[in-house]
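A.B. asks: The following file, my_file.pdb, comprises PDB, C-alpha atoms, pLDDT in the B column:
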```
ATOM      1  CA  MET R 939     -53.084 -49.213 -10.888  1.00 89.00           C
ATOM      2  CA  LEU R 940     -50.733 -50.317 -13.687  1.00 87.00           C
ATOM      3  CA  ARG R 941     -49.346 -53.088 -11.484  1.00 89.00           C
ATOM      4  CA  ASP R 942     -52.875 -54.350 -10.792  1.00 91.00           C
ATOM      5  CA  ILE R 943     -53.608 -54.318 -14.520  1.00 90.00           C
ATOM      6  CA  ALA R 944     -50.366 -56.202 -15.259  1.00 87.00           C
ATOM      7  CA  ASP R 945     -51.266 -58.755 -12.575  1.00 89.00           C
ATOM      8  CA  ASP R 946     -54.757 -59.129 -14.144  1.00 89.00           C
ATOM      9  CA  LYS R 947     -56.467 -57.907 -10.960  1.00 93.00           C
ATOM     10  CA  VAL R 948     -58.138 -54.985 -12.768  1.00 92.00           C
ATOM     11  CA  ALA R 949     -59.411 -54.850 -16.358  1.00 92.00           C
ATOM     12  CA  GLY R 950     -61.125 -52.425 -18.692  1.00 93.00           C
ATOM     13  CA  VAL R 951     -59.016 -49.385 -17.764  1.00 94.00           C
ATOM     14  CA  LEU R 952     -58.608 -46.565 -20.280  1.00 95.00           C
ATOM     15  CA  ILE R 953     -56.189 -43.717 -19.677  1.00 95.00           C
ATOM     16  CA  THR R 954     -56.821 -40.623 -21.791  1.00 95.00           C
ATOM     17  CA  ASP R 955     -55.748 -37.050 -22.203  1.00 93.00           C
ATOM     18  CA  THR R 956     -58.262 -34.420 -21.131  1.00 94.00           C
ATOM     19  CA  ARG R 957     -59.709 -34.093 -24.650  1.00 93.00           C
ATOM     20  CA  MET R 958     -59.872 -37.876 -25.168  1.00 92.00           C
ATOM     21  CA  GLN R 959     -57.784 -37.631 -28.339  1.00 94.00           C
ATOM     22  CA  ARG R 960     -55.198 -40.127 -27.127  1.00 95.00           C
ATOM     23  CA  ILE R 961     -56.152 -43.352 -25.387  1.00 96.00           C
ATOM     24  CA  HIS R 962     -53.915 -45.872 -23.634  1.00 95.00           C
ATOM     25  CA  HIS R 963     -55.523 -49.245 -22.899  1.00 95.00           C
ATOM     26  CA  PRO R 964     -53.141 -51.351 -20.793  1.00 92.00           C
ATOM     27  CA  TYR R 965     -53.905 -55.019 -20.181  1.00 89.00           C
ATOM     28  CA  ASP R 966     -52.200 -58.156 -18.905  1.00 85.00           C
ATOM     29  CA  GLY R 967     -49.432 -58.744 -21.444  1.00 81.00           C
ATOM     30  CA  GLY R 968     -49.495 -55.468 -23.342  1.00 84.00           C
ATOM     31  CA  ALA R 969     -51.322 -52.288 -24.231  1.00 88.00           C
ATOM     32  CA  ASP R 970     -53.171 -50.637 -27.082  1.00 90.00           C
ATOM     33  CA  VAL R 971     -52.473 -46.991 -27.861  1.00 92.00           C
ATOM     34  CA  PHE R 972     -54.875 -44.886 -29.926  1.00 95.00           C
ATOM     35  CA  LEU R 973     -53.460 -41.577 -31.152  1.00 95.00           C
ATOM     36  CA  ALA R 974     -55.016 -38.491 -32.725  1.00 95.00           C
ATOM     37  CA  THR R 975     -53.340 -38.602 -36.159  1.00 96.00           C
ATOM     38  CA  PHE R 976     -51.596 -40.988 -38.516  1.00 95.00           C
ATOM     39  CA  GLU R 977     -48.466 -38.855 -38.228  1.00 97.00           C
ATOM     40  CA  GLU R 978     -48.456 -39.168 -34.435  1.00 95.00           C
ATOM     41  CA  ARG R 979     -48.977 -42.913 -34.776  1.00 92.00           C
ATOM     42  CA  ASP R 980     -46.030 -43.219 -37.159  1.00 93.00           C
ATOM     43  CA  ARG R 981     -43.740 -41.203 -34.864  1.00 95.00           C
ATOM     44  CA  MET R 982     -44.697 -43.403 -31.899  1.00 92.00           C
ATOM     45  CA  ARG R 983     -44.175 -46.575 -33.947  1.00 89.00           C
ATOM     46  CA  ASP R 984     -40.745 -45.417 -35.140  1.00 93.00           C
ATOM     47  CA  ARG R 985     -39.695 -44.411 -31.616  1.00 94.00           C
ATOM     48  CA  HIS R 986     -40.676 -47.769 -30.108  1.00 90.00           C
ATOM     49  CA  VAL R 987     -40.050 -50.241 -32.929  1.00 88.00           C
ATOM     50  CA  ASP R 988     -38.482 -52.744 -30.502  1.00 89.00           C
ATOM     51  CA  TRP R 989     -41.825 -52.973 -28.638  1.00 83.00           C
ATOM     52  CA  LEU R 990     -43.804 -54.026 -31.706  1.00 82.00           C
ATOM     53  CA  SER R 991     -44.941 -57.566 -32.413  1.00 81.00           C
ATOM     54  CA  SER R 992     -42.799 -59.540 -34.848  1.00 84.00           C
ATOM     55  CA  HIS R 993     -45.926 -61.297 -36.165  1.00 85.00           C
ATOM     56  CA  PRO R 994     -46.472 -60.466 -39.891  1.00 84.00           C
ATOM     57  CA  SER R 995     -49.972 -59.085 -39.189  1.00 81.00           C
ATOM     58  CA  GLY R 996     -48.630 -56.906 -36.364  1.00 73.00           C
ATOM     59  CA  LEU R 997     -50.779 -58.635 -33.746  1.00 71.00           C
TER      60      LEU R 997
END
```
Translate the structure described by the file into structure tokens.

C.D. replies:
Amino acid sequence: MLRDIADDKVAGVLITDTRMQRIHHPYDGGADVFLATFEERDRMRDRHVDWLSSHPSGL
């Protein structure tokens, strides 16, 4: 499924935990990740800083 998303064969896929508190939205060229708390977001950001956009707005 992730390969098909990366190849832009499938779109609009959301992967969630069973309580829908964390959402992963992969798409051709990247992914959006929605987490349950600001603290969890900050830990994820700090763990994967090399994956973040270098654009000043973060986009």

A.B. asks: With the PyMOL selection byres ((chain R and resi 939-946) around 12) as the selection, what would be picked from this file? Answer as number ranges by chain, please.

C.D. replies: R: 947-953, 962-969

A.B. asks: Taking into account only C-alpha atoms, which residue in the set R:Ser991, R:Gly996, R:Gln959, R:Thr954 is nearest to Glu978 of chain R?

C.D. replies: R:Gln959

A.B. asks: Please report the interatomic distance between atom CA of Arg985 of chain R and atom CA of Arg957 of chain R in Å with one decimal.

C.D. replies: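 Computed distance, atom CA of Arg985 of chain R to atom CA of Arg957 of chain R, equals 23.6 Å.
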
A.B. asks: Could you jot down the atom CA of Asp988 of chain R to atom CA of Arg960 of chain R separation for me, Å, one decimal place?

C.D. replies: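 Taking atom CA of Asp988 of chain R and atom CA of Arg960 of chain R, their separation equals 21.2 Å.
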
A.B. asks: Can you give me, as a PyMOL selection string, the residues this file yields under the PyMOL selection byres ((chain R and resi 971) around 6)?

C.D. replies: chain R and resi 961-962+970+972

A.B. asks: Out of R:His986, R:Leu997, R:Ser992, R:Met958, which residue has the shortest atom-to-atom distance to Leu973 of chain R when counting all atoms listed in the file?

C.D. replies: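 Looking at the shortest contact to Leu973 of chain R, the residue is R:Met958.
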